[in-house]
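This is coords-v6.cif. It holds mmCIF, C-alpha atoms.
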data_run
loop_
_atom_site.group_PDB
_atom_site.id
_atom_site.type_symbol
_atom_site.label_atom_id
_atom_site.label_comp_id
_atom_site.auth_asym_id
_atom_site.auth_seq_id
_atom_site.Cartn_x
_atom_site.Cartn_y
_atom_site.Cartn_z
ATOM 1 C CA MET W 1 0.000 0.000 0.000
ATOM 2 C CA ILE W 2 1.431 3.360 -1.024
ATOM 3 C CA SER W 3 1.131 6.246 1.405
ATOM 4 C CA LEU W 4 -0.027 9.457 -0.235
ATOM 5 C CA ALA W 5 1.264 11.734 2.526
ATOM 6 C CA GLN W 6 3.270 14.754 1.425
ATOM 7 C CA ALA W 7 7.002 14.648 2.013
ATOM 8 C CA ALA W 8 10.022 16.799 1.203
ATOM 9 C CA PRO W 9 11.219 16.358 -2.398
ATOM 10 C CA HIS W 10 14.013 13.854 -2.906
ATOM 11 C CA ARG W 11 17.433 15.171 -3.850
ATOM 12 C CA LEU W 12 18.206 14.788 -7.536
ATOM 13 C CA ILE W 13 21.282 12.647 -6.937
ATOM 14 C CA SER W 14 19.808 10.047 -4.604
ATOM 15 C CA ARG W 15 18.467 6.519 -4.633
ATOM 16 C CA SER W 16 15.072 7.816 -3.514
ATOM 17 C CA PHE W 17 14.827 10.110 -6.547
ATOM 18 C CA LEU W 18 15.802 7.271 -8.869
ATOM 19 C CA SER W 19 13.128 5.033 -7.369
ATOM 20 C CA ALA W 20 10.486 7.765 -7.685
ATOM 21 C CA TYR W 21 11.565 8.581 -11.225
ATOM 22 C CA ILE W 22 11.240 4.940 -12.306
ATOM 23 C CA VAL W 23 7.656 4.942 -10.998
ATOM 24 C CA THR W 24 7.048 8.104 -13.026
ATOM 25 C CA MET W 25 8.403 6.397 -16.157
ATOM 26 C CA ARG W 26 5.732 3.638 -15.869
ATOM 27 C CA PRO W 27 7.970 0.638 -16.706
ATOM 28 C CA TYR W 28 4.997 -1.486 -17.781
ATOM 29 C CA LEU W 29 4.309 1.002 -20.609
ATOM 30 C CA MET W 30 7.906 1.109 -21.796
ATOM 31 C CA PHE W 31 7.265 -2.253 -23.458
ATOM 32 C CA VAL W 32 4.936 -0.365 -25.814
ATOM 33 C CA SER W 33 7.676 1.834 -27.251
ATOM 34 C CA GLY W 34 10.048 -1.121 -27.171
ATOM 35 C CA ILE W 35 7.869 -3.254 -29.450
ATOM 36 C CA THR W 36 7.235 -0.224 -31.666
ATOM 37 C CA GLY W 37 10.966 0.116 -32.254
ATOM 38 C CA ILE W 38 11.334 -3.642 -32.724
ATOM 39 C CA ALA W 39 8.635 -3.596 -35.409
ATOM 40 C CA GLY W 40 10.547 -0.897 -37.289
ATOM 41 C CA LEU W 41 13.853 -2.727 -36.891
ATOM 42 C CA ALA W 42 12.352 -5.915 -38.315
ATOM 43 C CA PHE W 43 12.334 -4.269 -41.757
ATOM 44 C CA VAL W 44 16.080 -3.600 -41.675
ATOM 45 C CA GLU W 45 17.928 -6.160 -43.789
ATOM 46 C CA HIS W 46 21.391 -6.011 -42.250
ATOM 47 C CA MET W 47 22.353 -4.686 -38.827
ATOM 48 C CA SER W 48 24.777 -5.875 -36.160
ATOM 49 C CA SER W 49 23.411 -7.503 -33.016
ATOM 50 C CA ALA W 50 24.979 -4.786 -30.867
ATOM 51 C CA SER W 51 23.276 -2.042 -32.873
ATOM 52 C CA ILE W 52 19.938 -3.849 -32.649
ATOM 53 C CA VAL W 53 20.244 -4.127 -28.870
ATOM 54 C CA LEU W 54 21.088 -0.434 -28.538
ATOM 55 C CA VAL W 55 18.177 0.694 -30.729
ATOM 56 C CA VAL W 56 15.754 -1.561 -28.848
ATOM 57 C CA LEU W 57 17.057 -0.109 -25.578
ATOM 58 C CA ALA W 58 16.593 3.450 -26.859
ATOM 59 C CA SER W 59 13.092 2.599 -28.075
ATOM 60 C CA PHE W 60 12.233 1.020 -24.725
ATOM 61 C CA LEU W 61 13.506 3.920 -22.622
ATOM 62 C CA SER W 62 12.050 6.642 -24.830
ATOM 63 C CA TYR W 63 8.511 6.003 -23.604
ATOM 64 C CA GLY W 64 9.589 6.269 -19.980
ATOM 65 C CA PHE W 65 11.466 9.526 -20.482
ATOM 66 C CA GLY W 66 8.640 10.880 -22.633
ATOM 67 C CA GLN W 67 5.993 9.875 -20.091
ATOM 68 C CA ALA W 68 7.900 11.588 -17.287
ATOM 69 C CA LEU W 69 8.246 14.689 -19.480
ATOM 70 C CA THR W 70 4.515 14.950 -20.214
ATOM 71 C CA ASP W 71 3.671 14.291 -16.559
ATOM 72 C CA CYS W 72 5.387 17.562 -15.703
ATOM 73 C CA PHE W 73 2.590 19.381 -17.551
ATOM 74 C CA GLN W 74 -0.365 17.299 -16.316
ATOM 75 C CA THR W 75 -0.157 17.385 -12.539
ATOM 76 C CA ASP W 76 -3.566 19.085 -12.385
ATOM 77 C CA THR W 77 -5.522 16.103 -13.678
ATOM 78 C CA ASP W 78 -3.042 13.520 -12.315
ATOM 79 C CA SER W 79 -3.507 14.860 -8.787
ATOM 80 C CA ILE W 80 -7.124 13.676 -9.039
ATOM 81 C CA SER W 81 -6.885 10.526 -11.145
ATOM 82 C CA SER W 82 -3.389 9.339 -10.098
ATOM 83 C CA PRO W 83 -2.544 10.775 -6.659
ATOM 84 C CA TYR W 84 -0.002 8.005 -6.044
ATOM 85 C CA ARG W 85 2.466 9.380 -8.591
ATOM 86 C CA PRO W 86 5.631 10.995 -7.199
ATOM 87 C CA LEU W 87 5.104 14.310 -9.013
ATOM 88 C CA THR W 88 1.595 14.789 -7.658
ATOM 89 C CA ARG W 89 2.769 13.849 -4.157
ATOM 90 C CA GLY W 90 5.593 16.380 -4.284
ATOM 91 C CA LEU W 91 8.245 13.667 -3.823
ATOM 92 C CA VAL W 92 10.217 14.979 -6.801
ATOM 93 C CA ARG W 93 10.590 18.475 -8.204
ATOM 94 C CA LYS W 94 9.224 19.248 -11.654
ATOM 95 C CA GLN W 95 12.453 20.883 -12.751
ATOM 96 C CA ASP W 96 14.435 17.786 -11.768
ATOM 97 C CA VAL W 97 12.095 15.422 -13.601
ATOM 98 C CA LEU W 98 12.066 17.726 -16.617
ATOM 99 C CA GLY W 99 15.866 17.920 -16.738
ATOM 100 C CA VAL W 100 16.382 14.155 -16.402
ATOM 101 C CA SER W 101 13.676 13.470 -18.990
ATOM 102 C CA LEU W 102 15.178 15.827 -21.567
ATOM 103 C CA ALA W 103 18.654 14.395 -20.987
ATOM 104 C CA GLY W 104 17.291 10.851 -21.300
ATOM 105 C CA LEU W 105 15.458 11.630 -24.521
ATOM 106 C CA ALA W 106 18.583 13.285 -25.927
ATOM 107 C CA PHE W 107 20.537 10.112 -25.111
ATOM 108 C CA CYS W 108 17.945 7.984 -26.929
ATOM 109 C CA VAL W 109 18.037 10.256 -29.979
ATOM 110 C CA TRP W 110 21.834 10.029 -30.003
ATOM 111 C CA ILE W 111 21.591 6.230 -30.223
ATOM 112 C CA PHE W 112 19.085 6.465 -33.072
ATOM 113 C CA ALA W 113 21.201 9.063 -34.862
ATOM 114 C CA TYR W 114 24.529 7.237 -34.503
ATOM 115 C CA ASN W 115 24.032 5.374 -37.789
ATOM 116 C CA ASN W 116 21.709 7.859 -39.468
ATOM 117 C CA PRO W 117 21.868 11.608 -38.715
ATOM 118 C CA VAL W 118 18.346 12.116 -40.081
ATOM 119 C CA ASN W 119 17.153 10.767 -36.747
ATOM 120 C CA VAL W 120 18.325 13.985 -35.106
ATOM 121 C CA LEU W 121 15.572 15.801 -36.989
ATOM 122 C CA LEU W 122 13.009 13.064 -36.345
ATOM 123 C CA GLY W 123 13.981 13.003 -32.671
ATOM 124 C CA MET W 124 13.610 16.751 -32.342
ATOM 125 C CA LEU W 125 10.211 16.493 -34.025
ATOM 126 C CA GLY W 126 9.108 13.775 -31.603
ATOM 127 C CA GLY W 127 10.469 15.676 -28.610
ATOM 128 C CA ALA W 128 8.599 18.804 -29.634
ATOM 129 C CA GLY W 129 5.471 16.695 -29.948
ATOM 130 C CA LEU W 130 5.864 15.340 -26.424
ATOM 131 C CA ALA W 131 6.445 18.809 -24.977
ATOM 132 C CA THR W 132 3.296 20.170 -26.667
ATOM 133 C CA TYR W 133 1.002 17.181 -26.119
ATOM 134 C CA THR W 134 -0.917 18.529 -23.109
ATOM 135 C CA PRO W 135 -2.636 21.443 -24.924
ATOM 136 C CA PHE W 136 -3.770 19.029 -27.630
ATOM 137 C CA LYS W 137 -5.064 16.565 -25.050
ATOM 138 C CA ARG W 138 -7.490 19.296 -23.965
ATOM 139 C CA ARG W 139 -9.119 19.187 -27.423
ATOM 140 C CA TRP W 140 -11.451 16.242 -28.068
ATOM 141 C CA TRP W 141 -10.495 15.973 -31.745
ATOM 142 C CA ALA W 142 -6.722 15.955 -31.241
ATOM 143 C CA GLY W 143 -5.485 13.935 -28.265
ATOM 144 C CA PRO W 144 -5.251 10.345 -29.579
ATOM 145 C CA PHE W 145 -4.026 11.413 -33.027
ATOM 146 C CA TYR W 146 -1.434 13.803 -31.623
ATOM 147 C CA ASN W 147 0.006 11.164 -29.337
ATOM 148 C CA ALA W 148 -0.094 8.492 -32.031
ATOM 149 C CA TRP W 149 1.967 10.352 -34.629
ATOM 150 C CA ILE W 150 4.794 10.700 -32.113
ATOM 151 C CA VAL W 151 4.888 6.929 -31.602
ATOM 152 C CA ALA W 152 4.676 6.376 -35.370
ATOM 153 C CA VAL W 153 7.777 8.578 -35.736
ATOM 154 C CA LEU W 154 9.543 6.304 -33.231
ATOM 155 C CA CYS W 155 8.857 3.311 -35.497
ATOM 156 C CA LEU W 156 10.425 5.178 -38.414
ATOM 157 C CA MET W 157 13.399 6.225 -36.302
ATOM 158 C CA ALA W 158 14.117 2.607 -35.398
ATOM 159 C CA PHE W 159 13.903 1.606 -39.063
ATOM 160 C CA SER W 160 16.093 4.458 -40.252
ATOM 161 C CA SER W 161 18.725 3.538 -37.658
ATOM 162 C CA GLY W 162 19.683 0.714 -39.991
ATOM 163 C CA ALA W 163 18.366 1.807 -43.381
ATOM 164 C CA SER W 164 17.861 4.863 -45.532
ATOM 165 C CA ILE W 165 14.702 6.788 -44.675
ATOM 166 C CA HIS W 166 14.030 7.009 -48.422
ATOM 167 C CA SER W 167 13.763 3.226 -48.640
ATOM 168 C CA ALA W 168 10.764 3.405 -46.287
ATOM 169 C CA LEU W 169 8.787 4.949 -49.146
ATOM 170 C CA GLU W 170 9.517 1.888 -51.298
ATOM 171 C CA ASN W 171 8.307 -0.647 -48.723
ATOM 172 C CA PRO W 172 4.499 -0.984 -48.585
ATOM 173 C CA ALA W 173 4.632 -3.469 -45.688
ATOM 174 C CA LEU W 174 6.582 -0.982 -43.577
ATOM 175 C CA PHE W 175 4.120 1.765 -44.526
ATOM 176 C CA PHE W 176 1.226 -0.449 -43.413
ATOM 177 C CA THR W 177 3.082 -1.237 -40.182
ATOM 178 C CA VAL W 178 3.452 2.458 -39.382
ATOM 179 C CA ILE W 179 -0.310 2.822 -39.900
ATOM 180 C CA VAL W 180 -0.883 -0.124 -37.533
ATOM 181 C CA VAL W 181 1.259 1.694 -34.972
ATOM 182 C CA PHE W 182 -0.678 4.920 -35.520
ATOM 183 C CA PHE W 183 -4.185 3.511 -35.137
ATOM 184 C CA GLY W 184 -3.184 0.915 -32.539
ATOM 185 C CA TYR W 185 -1.610 3.520 -30.312
ATOM 186 C CA ALA W 186 -4.395 6.049 -30.915
ATOM 187 C CA ASN W 187 -6.794 3.377 -29.717
ATOM 188 C CA PHE W 188 -4.725 2.816 -26.578
ATOM 189 C CA VAL W 189 -4.719 6.559 -25.847
ATOM 190 C CA LEU W 190 -8.473 6.849 -26.299
ATOM 191 C CA THR W 191 -9.093 3.722 -24.217
ATOM 192 C CA GLY W 192 -6.852 5.195 -21.520
ATOM 193 C CA TYR W 193 -9.022 8.315 -21.353
ATOM 194 C CA PHE W 194 -11.867 6.148 -20.033
ATOM 195 C CA LYS W 195 -10.146 5.863 -16.649
ATOM 196 C CA ASP W 196 -9.718 9.637 -16.231
ATOM 197 C CA ILE W 197 -13.077 11.059 -17.311
ATOM 198 C CA ASP W 198 -14.012 12.562 -13.926
ATOM 199 C CA ALA W 199 -10.539 14.049 -13.404
ATOM 200 C CA ASP W 200 -10.329 15.380 -16.957
ATOM 201 C CA ARG W 201 -13.775 16.961 -16.709
ATOM 202 C CA SER W 202 -12.955 18.757 -13.452
ATOM 203 C CA THR W 203 -9.640 20.074 -14.818
ATOM 204 C CA LYS W 204 -11.036 21.230 -18.198
ATOM 205 C CA TYR W 205 -9.498 18.503 -20.352
ATOM 206 C CA ASN W 206 -12.142 18.287 -23.068
ATOM 207 C CA THR W 207 -11.271 14.747 -24.192
ATOM 208 C CA LEU W 208 -13.540 12.740 -26.467
ATOM 209 C CA PRO W 209 -15.192 10.813 -23.575
ATOM 210 C CA VAL W 210 -15.689 14.074 -21.628
ATOM 211 C CA ARG W 211 -17.268 15.782 -24.639
ATOM 212 C CA PHE W 212 -19.385 12.979 -26.086
ATOM 213 C CA GLY W 213 -19.621 10.302 -23.398
ATOM 214 C CA ARG W 214 -18.463 6.712 -23.192
ATOM 215 C CA GLU W 215 -20.675 5.089 -25.833
ATOM 216 C CA ILE W 216 -19.758 7.406 -28.722
ATOM 217 C CA SER W 217 -16.112 7.268 -27.675
ATOM 218 C CA ALA W 218 -16.252 3.470 -27.652
ATOM 219 C CA CYS W 219 -17.616 3.557 -31.213
ATOM 220 C CA VAL W 220 -14.715 5.791 -32.294
ATOM 221 C CA SER W 221 -12.403 3.308 -30.589
ATOM 222 C CA ASP W 222 -14.062 0.540 -32.636
ATOM 223 C CA PHE W 223 -13.034 2.411 -35.791
ATOM 224 C CA PHE W 224 -9.437 2.725 -34.565
ATOM 225 C CA ALA W 225 -9.414 -0.995 -33.774
ATOM 226 C CA LEU W 226 -10.836 -1.863 -37.199
ATOM 227 C CA MET W 227 -8.140 0.185 -38.936
ATOM 228 C CA THR W 228 -5.483 -1.525 -36.808
ATOM 229 C CA ILE W 229 -6.753 -4.947 -37.861
ATOM 230 C CA VAL W 230 -7.180 -4.027 -41.533
ATOM 231 C CA PHE W 231 -3.639 -2.738 -41.905
ATOM 232 C CA ALA W 232 -2.158 -5.580 -39.833
ATOM 233 C CA VAL W 233 -3.771 -8.002 -42.271
ATOM 234 C CA ALA W 234 -2.459 -5.840 -45.134
ATOM 235 C CA VAL W 235 1.100 -6.351 -43.841
ATOM 236 C CA PHE W 236 0.642 -10.123 -44.007
ATOM 237 C CA VAL W 237 -0.994 -9.962 -47.450
ATOM 238 C CA GLN W 238 1.844 -7.781 -48.742
ATOM 239 C CA SER W 239 4.333 -10.384 -47.463
ATOM 240 C CA ALA W 240 2.415 -13.370 -48.877
ATOM 241 C CA GLY W 241 5.237 -14.260 -51.259
ATOM 242 C CA THR W 242 7.647 -15.103 -48.428
ATOM 243 C CA ALA W 243 7.648 -18.147 -46.150
ATOM 244 C CA ALA W 244 6.146 -17.009 -42.867
ATOM 245 C CA SER W 245 6.724 -18.521 -39.440
ATOM 246 C CA PRO W 246 3.555 -19.946 -37.835
ATOM 247 C CA ALA W 247 4.519 -17.884 -34.778
ATOM 248 C CA ALA W 248 3.839 -14.702 -36.755
ATOM 249 C CA PHE W 249 0.236 -15.747 -37.347
ATOM 250 C CA LEU W 250 -0.082 -16.985 -33.762
ATOM 251 C CA PHE W 251 1.083 -13.686 -32.222
ATOM 252 C CA SER W 252 -0.855 -11.359 -34.512
ATOM 253 C CA GLY W 253 -3.929 -13.609 -34.480
ATOM 254 C CA ALA W 254 -3.925 -13.579 -30.692
ATOM 255 C CA GLY W 255 -3.467 -9.808 -30.782
ATOM 256 C CA ILE W 256 -6.451 -9.331 -33.085
ATOM 257 C CA LEU W 257 -8.575 -11.561 -30.843
ATOM 258 C CA MET W 258 -7.468 -9.561 -27.805
ATOM 259 C CA LEU W 259 -8.358 -6.352 -29.617
ATOM 260 C CA VAL W 260 -11.886 -7.645 -30.200
ATOM 261 C CA VAL W 261 -12.063 -8.433 -26.476
ATOM 262 C CA THR W 262 -10.897 -4.874 -25.771
ATOM 263 C CA GLN W 263 -13.726 -3.373 -27.766
ATOM 264 C CA LEU W 264 -16.340 -5.585 -26.108
ATOM 265 C CA GLN W 265 -15.007 -4.639 -22.677
ATOM 266 C CA LEU W 266 -14.924 -0.948 -23.552
ATOM 267 C CA HIS W 267 -18.623 -0.887 -24.435
ATOM 268 C CA GLN W 268 -19.374 -2.261 -20.973
ATOM 269 C CA VAL W 269 -17.437 0.403 -19.022
ATOM 270 C CA GLU W 270 -19.769 2.428 -16.796
ATOM 271 C CA SER W 271 -17.295 4.221 -14.524
ATOM 272 C CA ASP W 272 -13.645 5.284 -14.458
ATOM 273 C CA GLU W 273 -12.863 2.450 -12.039
ATOM 274 C CA ASP W 274 -14.186 -0.134 -14.517
ATOM 275 C CA ALA W 275 -11.899 0.886 -17.385
ATOM 276 C CA HIS W 276 -8.621 -0.836 -16.536
ATOM 277 C CA PRO W 277 -9.480 -4.334 -17.902
ATOM 278 C CA ALA W 278 -10.150 -2.874 -21.355
ATOM 279 C CA ILE W 279 -6.954 -0.805 -21.198
ATOM 280 C CA SER W 280 -4.929 -3.891 -20.240
ATOM 281 C CA SER W 281 -6.417 -5.858 -23.125
ATOM 282 C CA CYS W 282 -5.659 -3.010 -25.526
ATOM 283 C CA LEU W 283 -2.029 -2.957 -24.418
ATOM 284 C CA GLU W 284 -1.695 -6.711 -24.820
ATOM 285 C CA SER W 285 -3.232 -6.602 -28.295
ATOM 286 C CA TYR W 286 -0.812 -3.866 -29.394
ATOM 287 C CA LEU W 287 2.223 -5.848 -28.274
ATOM 288 C CA LEU W 288 0.981 -9.097 -29.785
ATOM 289 C CA ILE W 289 0.058 -7.653 -33.183
ATOM 290 C CA LEU W 290 3.376 -5.837 -33.598
ATOM 291 C CA SER W 291 5.278 -8.883 -32.322
ATOM 292 C CA GLY W 292 3.605 -10.947 -35.031
ATOM 293 C CA ILE W 293 4.586 -8.416 -37.685
ATOM 294 C CA ALA W 294 8.186 -8.395 -36.439
ATOM 295 C CA ILE W 295 8.314 -12.213 -36.469
ATOM 296 C CA LEU W 296 6.868 -12.204 -39.993
ATOM 297 C CA ARG W 297 10.000 -10.358 -41.070
ATOM 298 C CA LYS W 298 12.423 -11.990 -38.625
ATOM 299 C CA PRO W 299 11.246 -15.535 -37.708
ATOM 300 C CA GLU W 300 14.302 -16.004 -35.482
ATOM 301 C CA TRP W 301 12.903 -13.357 -33.133
ATOM 302 C CA SER W 302 9.906 -15.481 -32.120
ATOM 303 C CA ILE W 303 11.368 -16.871 -28.875
ATOM 304 C CA PRO W 304 12.926 -13.549 -27.728
ATOM 305 C CA LEU W 305 9.616 -11.781 -28.390
ATOM 306 C CA GLY W 306 7.727 -14.470 -26.508
ATOM 307 C CA ILE W 307 9.997 -13.816 -23.517
ATOM 308 C CA TYR W 308 9.558 -10.062 -24.045
ATOM 309 C CA PHE W 309 5.778 -10.415 -23.858
ATOM 310 C CA LEU W 310 6.052 -12.550 -20.723
ATOM 311 C CA PHE W 311 8.153 -9.884 -19.001
ATOM 312 C CA PHE W 312 5.586 -7.294 -20.050
ATOM 313 C CA LEU W 313 2.794 -9.276 -18.370
ATOM 314 C CA ILE W 314 4.847 -9.632 -15.183
ATOM 315 C CA THR W 315 5.707 -5.919 -15.102
ATOM 316 C CA LEU W 316 2.095 -4.963 -15.788
ATOM 317 C CA LYS W 317 0.992 -7.176 -12.908
ATOM 318 C CA LEU W 318 3.420 -5.378 -10.571
ATOM 319 C CA ARG W 319 2.181 -1.843 -11.348
ATOM 320 C CA PRO W 320 1.584 0.330 -8.232
ATOM 321 C CA ARG W 321 -2.191 0.680 -8.681
ATOM 322 C CA LYS W 322 -4.315 -2.017 -10.310
ATOM 323 C CA ASN W 323 -6.881 0.470 -11.634
ATOM 324 C CA GLN W 324 -4.197 2.696 -13.185
ATOM 325 C CA ILE W 325 -2.449 1.937 -16.472
#
Would you put the structure from the file into structure tokens?
Amino acid sequence: MISLAQAAPHRLISRSFLSAYIVTMRPYLMFVSGITGIAGLAFVEHMSSASIVLVVLASFLSYGFGQALTDCFQTDTDSISSPYRPLTRGLVRKQDVLGVSLAGLAFCVWIFAYNNPVNVLLGMLGGAGLATYTPFKRRWWAGPFYNAWIVAVLCLMAFSSGASIHSALENPALFFTVIVVFFGYANFVLTGYFKDIDADRSTKYNTLPVRFGREISACVSDFFALMTIVFAVAVFVQSAGTAASPAAFLFSGAGILMLVVTQLQLHQVESDEDAHPAISSCLESYLLILSGIAILRKPEWSIPLGIYFLFFLITLKLRPRKNQI
């Protein structure tokens, strides 16, 4: 049980700050950016194992640093919906979290840019998107799309770490994968709003569920899910001429099934406290679908990605609050 009592902020260089910062990063969500980068890397023909590991690491950490960065601008609604978080409890200073987050994101961009300088520009674009996300979250028509394009850029950054960015335009399967990332992540963002409706309403965040209610928002989510499935299938159709590992169909098939479960659960949500099962299912579907796409391109990754998904489930289970994702 986490005490929500106020305490003096932890010193920047301390074990207590590190522990609080890791909570702020939301480790269970870092698997989302990790698999996004892995999906992009799967389309790279030749890359050393060391470079692959470094790009996966940068992809994995980028979500955590980005999440901590955006949290610095959302303490108003988080203080209501997520009072356990270190920033809302005053356990860490905003300026410290902001500084560490920017430094961490710069480190990730450096890894991406090591083999391809174009990633400096893409990284700056993504960083600017993260820093300006909060105003767009306040607009019902923008939030999920604004967040999703940043994650789609991450997929391209991972790909361009080992290939020319121009070659992305000549690869329909990669293009379809980026669209899967876009709609899949947009759906996760919108589903996540279902747990914060009361807090967002009281703090003037005019999200889609706040503006139009749960049922209409669930229908919009259905459209996002449909687009995710359509373009995931398009990736497999585009790759029909190559021998595919059964694991690719198993992972993506399970992900599509889990996405259907997500949508059914979402239509049954009646309160903020009821939303977390649908959000969990949405996360699982995203990881499974992109894992299947990665295995389609790199069959030898099937066992590592199976272990990756297992660690995700364990980390998700260990999150600080069961109704918060």
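If you apply the PyMOL selection byres ((chain W and resi 122-129) around 8) to this structure, you end up with Gly66, Leu105, Val109, Val118, Asn119, Val120, Leu121, Leu130, Ala131, Thr132, Tyr133, Tyr146, Asn147, Ile150, Val153, Leu154 and Met157 of chain W.
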### Task
Could you tell me how far atom CA of W:Gly184 lies from atom CA of W:Thr262, in Å and to one decimal?
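It comes out at 11.8 Å.
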### Message
What's around stretch 223-226 of chain W at 12 Å? Count all atoms listed in the file, leave out sequence neighbours fewer than 5 positions away in its own chain, and write the answer as number ranges by chain.
### Response
W: 144-145, 148, 179-191, 216-218, 231-233, 255-264, 266, 282, 285-286, 289
#### Entry: Residue nearest W:Thr88 among W:Phe73, W:Phe212, W:Phe249, W:Trp149 (counting all atoms listed in the file)
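Using all atoms listed in the file, the shortest distance to W:Thr88 belongs to W:Phe73.
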### Query
Evaluating the PyMOL selection byres ((chain W and resi 269) around 12) on the displayed file yields which residues, as a PyMOL selection string?
chain W and resi 191-195+197+209+213-215+217-218+262-268+270-279
### Task
Report as number ranges by chain the full result of the PyMOL selection byres ((chain W and resi 305) around 12) when it is applied to this structure.
W: 31, 34-35, 38-39, 42, 56, 247-248, 251, 287-296, 298-304, 306-312
### Query
Between atom CA of W:Asn171 and atom CA of W:Tyr114, what is the distance, to one decimal in Å?
23.0 Å
#### Entry: Who sits within 10 Å of stretch 46-52 of chain W, only C-alpha atoms, same chain under 3 positions skipped, as a PyMOL selection string
chain W and resi 37-38+41-43+55-58+111-112+114-115+158+161-163
### Query
With only C-alpha atoms as the atoms that count, which of W:Asn206, W:Thr77, W:Asp200, W:Cys108 lies nearest to W:Trp141?
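The answer is W:Asn206, which sits nearest to W:Trp141.
Among the candidate residues W:Ser14, W:Gln324, W:Thr177, W:Thr207, the one lying nearest to W:Ser239 is W:Thr177, with distances computed using all atoms listed in the file.
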### Summary
Here atom CA of W:Ile80 and atom CA of W:Asn323 stand apart by 13.5 Å
Give me the box for stretch 90-105 of chain W as JSON, namely the centre and edge lengths in Å to one decimal of a box along x, y and z that holds every listed atom plus 4 Å on each side.
{"center_x": 12.1, "center_y": 15.9, "center_z": -14.2, "size_x": 21.1, "size_y": 18.0, "size_z": 28.7}
### Message
Using only C-alpha atoms for the distances, tell me which of W:Phe17, W:Tyr205, W:Phe236, W:Phe107 is nearest to W:Pro172.
### Response
W:Phe236
### Message
Using all atoms listed in the file for the distances, tell me which of W:Phe136, W:Tyr21, W:Trp110, W:Phe65 is nearest to W:Arg93.
### Response
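Distance minimum relative to W:Arg93 lands on W:Tyr21.
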